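Worksheet: one structure, shown below.
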Amino acid sequence: MRRSMLGRMAVAACSFSLLAAFAPAAGATTVHADGDLGHGRTYNRVGYFTQWGVYGRDFQVKNLETSGTAAKLTHINYAFGNIGADGKCFTGNVPGEADAWADYARPLDAAGSVDGAADTRDQPLAGNFNQLRELKAKHPVLKAQISLGGWSWSTYFSDAARTPASREALVRSCIDLYIKGNLPQDGTRGGAGAAAGLFDGIDLDWEWPGSAGDTDTTHRPEDKRNFAALVREFRTQLDAYGRTQKKKYQLTAFVPTAPAKIDAGFDVPRIMRDLDFVTLQGYDFHVSGEKTTAQQSALYARGDFSVDGTVDAWLRRGAPAGKLVMGMPFYGQGWTGVSGGGDGMGRPATGPAPATWSAGYEDYKALKALAGSGAYTLHRDRRAGSAWLFDGATLWTYDDPQVLRTKSAYIRERGLGGAMFWSLDGDTADGELITAVDRGLRGR
């Protein structure tokens with residue numbers, strides 16, 4: 001599986017002064033650990049936890065506690081849940097398609113557990129799911145959501161959304177599996193209600209309705225209408241089940257930057273009525289597969305892709321500012337074989353830069369080490385709100401704490417709904433990036 005990637009985008013940024021980018025919003029109030037701003041307002045702080053990060057990266061749910069990250073989040077989105085060819089949510093041990101071992105079967109010892117107690121052989125819920133349950137017990141305001149799809153697992157969304165009957169069946173299966181927690185039996189793990197009460201909502205990560213995504217992902221012109229109907233079906237069924245539990249389940253979606261993709265797949269006024277909020281793709285504006293170096297996540301960019309342009313694109317189409325949550329990368333995009341001198345930006349490159357896990361993609365914690373190695377020069381475009389490293393041949397564009405503080409001030413100024421992070425395993429062991437955003441949202 002891969003993280004979310006996007007097609008090429010074209011968004012014109014509207015101009016704001018540098019002072020405006022850093023200025024606190026008028027009347028802004030303190031952000032508390034539970035997201036409360038006072039006066040009935042909240043900032044959502046949404047972090048994606050990757051199912052596969054527990055392997056090579058050895059990033060466990062417990063790291064969210066030891067780093068202090070959990071106390072600074074309002075939501076954890078678990079990436080990802082999959083939809084099968086039959087149009088229903090499923091899990092199991094299917095290489096490349098589902099990983100029940102990581103989700104709820106893998107035992108953790110006392111040292112790896114949030115609560116300090118080893119999993120037993122016969123408990124029905126173990127793995128990441130049980131650790132999330134333990135984390136929520138320590139942080140009662142923290143919500144967990146299952147995120148469905150992603151770049152690699154959006155394959156059958158279009159098929160499942162085509163008819164009223166197929167939409168009803170998809171939503172029912174997802175609620176049964178994740179909200180009611182009826183997991184497939186896997187030895188002593190799983191069973192009816194094994195994960196009941198764990199997930200507080202569902203995040204839709206269909207990439208992309210109405211336009212191209214991964215090579216095997218189907219898309220159709222009618223996806224725009226069908227996505228809106230699917231959102232309505234999720235809202236209806238979640239609300240109906242919530243009434244039986246005396247609980248309000250949340251419904252969110254990850255949405256694109258490119259105006260063409262927005263218009264192809266998203267009836268903005270209609271879906272925003274049913275969604276609690278959307279998380280905006282605020283990264284991968286340019287990617288390392290391109291032939292020329294470029295910024296991947298700038299706040300402002302004249303005539304190019306930018307966070308500000310993304311926000312304005314959604315506002316112009318009728319989205320309420322308070323339901324727009326800005327996506328922030330905890331990783332960088334990199335190129336090698338960069339020629340032409342200067343600071344390296346906007347120069348030809350021979351290909352993606354070598355990296356730890358995937359060529360052209362590197363976690364922030366590794367880029368921080370590069371920045372401190374003395375081999376790279378750190379460059380900033382303070383007006384654009386972007387940063388990059390360049391050693392004369394290799395360039396990495398990424399967000400560091402200074403950039404994220406600028407973006408946090410922008411969230412406050414524009415009255416947006418908060419910040420989202422892809423993905424939590426890219427941060428440092430002491431949560432340097434999440435701390436920068438937390439302080440920025442507090443106006444510090």
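Chain labels follow the order of the structure tokens: the first chain is A, the next B, and so on; residue numbering restarts at 1 in every chain, and ligands are counted from 1 in their shown order.
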
Taking the DSSP secondary structure from the backbone, can you list the residues of region 168-333 of chain A that are alpha helix (DSSP H), as a PyMOL selection string?
chain A and resi 168-174+223-245+259-265+268-274+307-316

Would you list the contacts of region 156-169 of chain A as an MDAnalysis selection string, taking every protein, DNA or RNA residue within 6 Å and counting only C-alpha atoms, but skipping same-chain residues closer than 2 positions in sequence?
chainID A and resid 87 154 171:172 219 226 230

Selected residues written out, N, CA and C atoms, as a CSV table (one decimal), in the first residue's frame:
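Saved file result_21.csv follows:
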```csv
chain,number,residue,atom,x,y,z
A,87,GLY,N,-18.1,-5.4,-3.0
A,87,GLY,CA,-18.6,-4.2,-2.6
A,87,GLY,C,-18.8,-4.0,-1.1
A,154,SER,N,-8.7,2.0,-3.0
A,154,SER,CA,-10.0,2.6,-3.6
A,154,SER,C,-10.5,1.9,-4.8
A,171,VAL,N,-22.3,0.2,3.2
A,171,VAL,CA,-22.3,0.9,4.5
A,171,VAL,C,-22.7,-0.1,5.6
A,172,ARG,N,-23.6,-0.9,5.4
A,172,ARG,CA,-24.0,-1.9,6.4
A,172,ARG,C,-22.8,-2.8,6.8
A,219,HIS,N,-13.1,4.5,-12.2
A,219,HIS,CA,-13.8,5.8,-12.0
A,219,HIS,C,-14.8,6.0,-13.1
A,226,ASN,N,-22.9,9.6,-7.3
A,226,ASN,CA,-23.0,8.4,-6.4
A,226,ASN,C,-22.2,8.7,-5.1
A,230,LEU,N,-23.6,8.1,-1.5
A,230,LEU,CA,-22.9,7.2,-0.6
A,230,LEU,C,-22.7,7.9,0.8
```

Close residues, Pro401 (chain A) itself excluded, 8 Å, only C-alpha atoms, min 5 positions apart in chain, as a ChimeraX atom specification
/A:432-433,436-437

Generate the output file for the selected residues, N, CA, C and O atoms, as a PDB file, in the first residue's frame.
```
ATOM      1  N   GLU A 432       8.080  16.404  17.684  1.00  0.00           N
ATOM      2  CA  GLU A 432       8.470  17.780  17.378  1.00  0.00           C
ATOM      3  C   GLU A 432       7.462  18.498  16.483  1.00  0.00           C
ATOM      4  O   GLU A 432       7.125  19.660  16.718  1.00  0.00           O
ATOM      5  N   LEU A 433       6.965  17.798  15.449  1.00  0.00           N
ATOM      6  CA  LEU A 433       6.050  18.447  14.510  1.00  0.00           C
ATOM      7  C   LEU A 433       4.676  18.678  15.128  1.00  0.00           C
ATOM      8  O   LEU A 433       4.099  19.759  14.983  1.00  0.00           O
ATOM      9  N   ALA A 436       4.788  21.607  17.370  1.00  0.00           N
ATOM     10  CA  ALA A 436       4.803  22.892  16.667  1.00  0.00           C
ATOM     11  C   ALA A 436       3.402  23.308  16.261  1.00  0.00           C
ATOM     12  O   ALA A 436       3.027  24.475  16.392  1.00  0.00           O
ATOM     13  N   VAL A 437       2.611  22.360  15.773  1.00  0.00           N
ATOM     14  CA  VAL A 437       1.229  22.681  15.379  1.00  0.00           C
ATOM     15  C   VAL A 437       0.394  23.007  16.600  1.00  0.00           C
ATOM     16  O   VAL A 437      -0.387  23.976  16.597  1.00  0.00           O
TER      17      VAL A 437
END
```

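Each of A:Ala260, A:Leu299, A:Leu370, A:Ala429 was checked against Ser408 (chain A) using only C-alpha atoms; the smallest atom-to-atom distance is that of A:Leu299.
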
Among region 306-398 of chain A, which residues does DSSP mark as strand (DSSP E or B) when it is run on the backbone? Keep the chain and numbering as in the structure and answer as an MDAnalysis selection string.
chainID A and resid 324:329 331:336 348 351:352 358 361:363 377:381 386:390 395:398

Would you output that residue set with C-alpha atoms, as a JSON list (two decimals), in the first residue's frame?
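Generated file (again30.json):
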```json
[["chain", "number", "residue", "atom", "x", "y", "z"],
["A", 324, "LEU", "CA", -12.04, 22.44, 6.29],
["A", 325, "VAL", "CA", -9.14, 20.71, 8.04],
["A", 326, "MET", "CA", -5.72, 21.43, 6.52],
["A", 327, "GLY", "CA", -3.53, 18.47, 5.62],
["A", 328, "MET", "CA", 0.15, 18.74, 6.62],
["A", 329, "PRO", "CA", 2.95, 16.33, 5.61],
["A", 331, "TYR", "CA", 7.47, 13.60, 5.23],
["A", 332, "GLY", "CA", 9.25, 15.10, 2.23],
["A", 333, "GLN", "CA", 9.51, 14.60, -1.53],
["A", 334, "GLY", "CA", 13.03, 14.34, -2.94],
["A", 335, "TRP", "CA", 14.93, 14.43, -6.24],
["A", 336, "THR", "CA", 18.49, 13.51, -7.15],
["A", 348, "PRO", "CA", 15.92, 19.49, -13.81],
["A", 351, "GLY", "CA", 14.92, 10.91, -10.70],
["A", 352, "PRO", "CA", 13.64, 10.34, -7.17],
["A", 358, "SER", "CA", 10.63, 4.37, -0.85],
["A", 361, "TYR", "CA", 9.80, 9.76, -0.03],
["A", 362, "GLU", "CA", 11.42, 10.30, 3.38],
["A", 363, "ASP", "CA", 10.09, 10.73, 6.91],
["A", 377, "THR", "CA", 21.83, 23.71, 3.15],
["A", 378, "LEU", "CA", 18.38, 24.62, 4.45],
["A", 379, "HIS", "CA", 16.53, 27.05, 2.18],
["A", 380, "ARG", "CA", 13.29, 28.88, 2.92],
["A", 381, "ASP", "CA", 10.78, 30.88, 0.97],
["A", 386, "SER", "CA", 7.96, 26.41, 2.27],
["A", 387, "ALA", "CA", 11.35, 24.88, 3.03],
["A", 388, "TRP", "CA", 13.82, 22.55, 1.31],
["A", 389, "LEU", "CA", 17.24, 20.96, 1.71],
["A", 390, "PHE", "CA", 19.85, 20.96, -1.08],
["A", 395, "LEU", "CA", 16.87, 18.21, -2.99],
["A", 396, "TRP", "CA", 14.19, 17.45, -0.39],
["A", 397, "THR", "CA", 11.10, 19.65, -0.01],
["A", 398, "TYR", "CA", 9.33, 19.25, 3.33]]
```

Quick one: residues within 7 Å of Ala102 (chain A), only C-alpha atoms, excluding same-chain residues fewer than 6 positions away - as a tab-separated table (two decimals) with N, CA, C and O atoms, in the first residue's frame?
```
chain	number	residue	atom	x	y	z
A	51	GLN	N	-1.34	1.25	9.40
A	51	GLN	CA	-1.36	-0.16	9.79
A	51	GLN	C	0.01	-0.80	9.63
A	51	GLN	O	0.48	-1.56	10.49
A	127	GLY	N	-3.35	-6.66	18.97
A	127	GLY	CA	-2.86	-5.84	17.86
A	127	GLY	C	-3.10	-4.35	18.04
A	127	GLY	O	-3.28	-3.85	19.15
A	128	ASN	N	-3.10	-3.65	16.92
A	128	ASN	CA	-3.27	-2.20	16.92
A	128	ASN	C	-4.61	-1.78	17.51
A	128	ASN	O	-4.71	-0.76	18.20
```

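Once Phe330 (chain A) and its same-chain neighbours fewer than 3 positions away are set aside, Tyr364, Trp422, Ser423 and Gly426 of chain A remain within 6 Å of it when counting only C-alpha atoms.
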
Between A:Asp103, A:Asp276, A:Glu222, A:Asp203, which one has atoms that come closest to Gly417 (chain A), using only C-alpha atoms?
A:Asp276

Using only C-alpha atoms for the distances, tell me which of A:Ala369, A:Leu125, A:Ala137, A:Val307 is nearest to Ala100 (chain A).
A:Leu125

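In this structure, CA of Phe199 (chain A) sits 15.3 Å away from CA of Thr50 (chain A).
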
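Using only C-alpha atoms, the smallest distance between any of A:Arg412, A:Pro184, A:Ala85, A:Asp304 and Arg439 (chain A) comes from A:Arg412.
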
List as a PDB file with N, CA and C atoms, in the first residue's frame the protein and nucleic acid residues near Tyr241 (chain A), meaning an atom at most 12 Å away when only C-alpha atoms are counted, but skip any in the same chain fewer than 6 places from it.
```pdb
ATOM      1  N   VAL A 171     -22.308   0.178   3.188  1.00  0.00           N
ATOM      2  CA  VAL A 171     -22.338   0.890   4.459  1.00  0.00           C
ATOM      3  C   VAL A 171     -22.675  -0.063   5.594  1.00  0.00           C
ATOM      4  N   ARG A 172     -23.646  -0.935   5.360  1.00  0.00           N
ATOM      5  CA  ARG A 172     -24.018  -1.892   6.402  1.00  0.00           C
ATOM      6  C   ARG A 172     -22.829  -2.769   6.780  1.00  0.00           C
ATOM      7  N   ILE A 175     -20.202  -0.700   8.864  1.00  0.00           N
ATOM      8  CA  ILE A 175     -20.673  -0.463  10.228  1.00  0.00           C
ATOM      9  C   ILE A 175     -20.623  -1.753  11.036  1.00  0.00           C
ATOM     10  N   ASP A 176     -21.001  -2.871  10.424  1.00  0.00           N
ATOM     11  CA  ASP A 176     -20.970  -4.147  11.132  1.00  0.00           C
ATOM     12  C   ASP A 176     -19.542  -4.518  11.532  1.00  0.00           C
ATOM     13  N   ILE A 179     -17.791  -0.476  13.339  1.00  0.00           N
ATOM     14  CA  ILE A 179     -18.511   0.247  14.392  1.00  0.00           C
ATOM     15  C   ILE A 179     -19.103  -0.735  15.401  1.00  0.00           C
ATOM     16  N   LYS A 180     -19.764  -1.772  14.914  1.00  0.00           N
ATOM     17  CA  LYS A 180     -20.264  -2.814  15.816  1.00  0.00           C
ATOM     18  C   LYS A 180     -19.139  -3.746  16.270  1.00  0.00           C
ATOM     19  N   ASP A 200     -15.087   5.526  16.600  1.00  0.00           N
ATOM     20  CA  ASP A 200     -16.082   6.579  16.838  1.00  0.00           C
ATOM     21  C   ASP A 200     -16.614   7.188  15.545  1.00  0.00           C
ATOM     22  N   GLY A 201     -16.167   6.668  14.415  1.00  0.00           N
ATOM     23  CA  GLY A 201     -16.621   7.206  13.156  1.00  0.00           C
ATOM     24  C   GLY A 201     -15.893   6.577  11.989  1.00  0.00           C
ATOM     25  N   PHE A 234     -24.053   6.660   4.394  1.00  0.00           N
ATOM     26  CA  PHE A 234     -23.251   6.515   5.615  1.00  0.00           C
ATOM     27  C   PHE A 234     -23.834   7.347   6.750  1.00  0.00           C
ATOM     28  N   ARG A 235     -24.205   8.585   6.447  1.00  0.00           N
ATOM     29  CA  ARG A 235     -24.751   9.459   7.483  1.00  0.00           C
ATOM     30  C   ARG A 235     -26.043   8.871   8.056  1.00  0.00           C
ATOM     31  N   LYS A 247     -25.227   7.755  20.943  1.00  0.00           N
ATOM     32  CA  LYS A 247     -23.920   8.271  20.565  1.00  0.00           C
ATOM     33  C   LYS A 247     -23.978   8.860  19.170  1.00  0.00           C
ATOM     34  N   LYS A 248     -23.214   9.931  18.962  1.00  0.00           N
ATOM     35  CA  LYS A 248     -23.100  10.544  17.633  1.00  0.00           C
ATOM     36  C   LYS A 248     -21.799  10.055  16.988  1.00  0.00           C
ATOM     37  N   TYR A 249     -21.933   9.294  15.913  1.00  0.00           N
ATOM     38  CA  TYR A 249     -20.763   8.823  15.189  1.00  0.00           C
ATOM     39  C   TYR A 249     -20.373   9.851  14.128  1.00  0.00           C
ATOM     40  N   GLN A 250     -19.096  10.066  13.980  1.00  0.00           N
ATOM     41  CA  GLN A 250     -18.616  11.064  13.041  1.00  0.00           C
ATOM     42  C   GLN A 250     -18.409  10.471  11.656  1.00  0.00           C
TER      43      GLN A 250
END
```
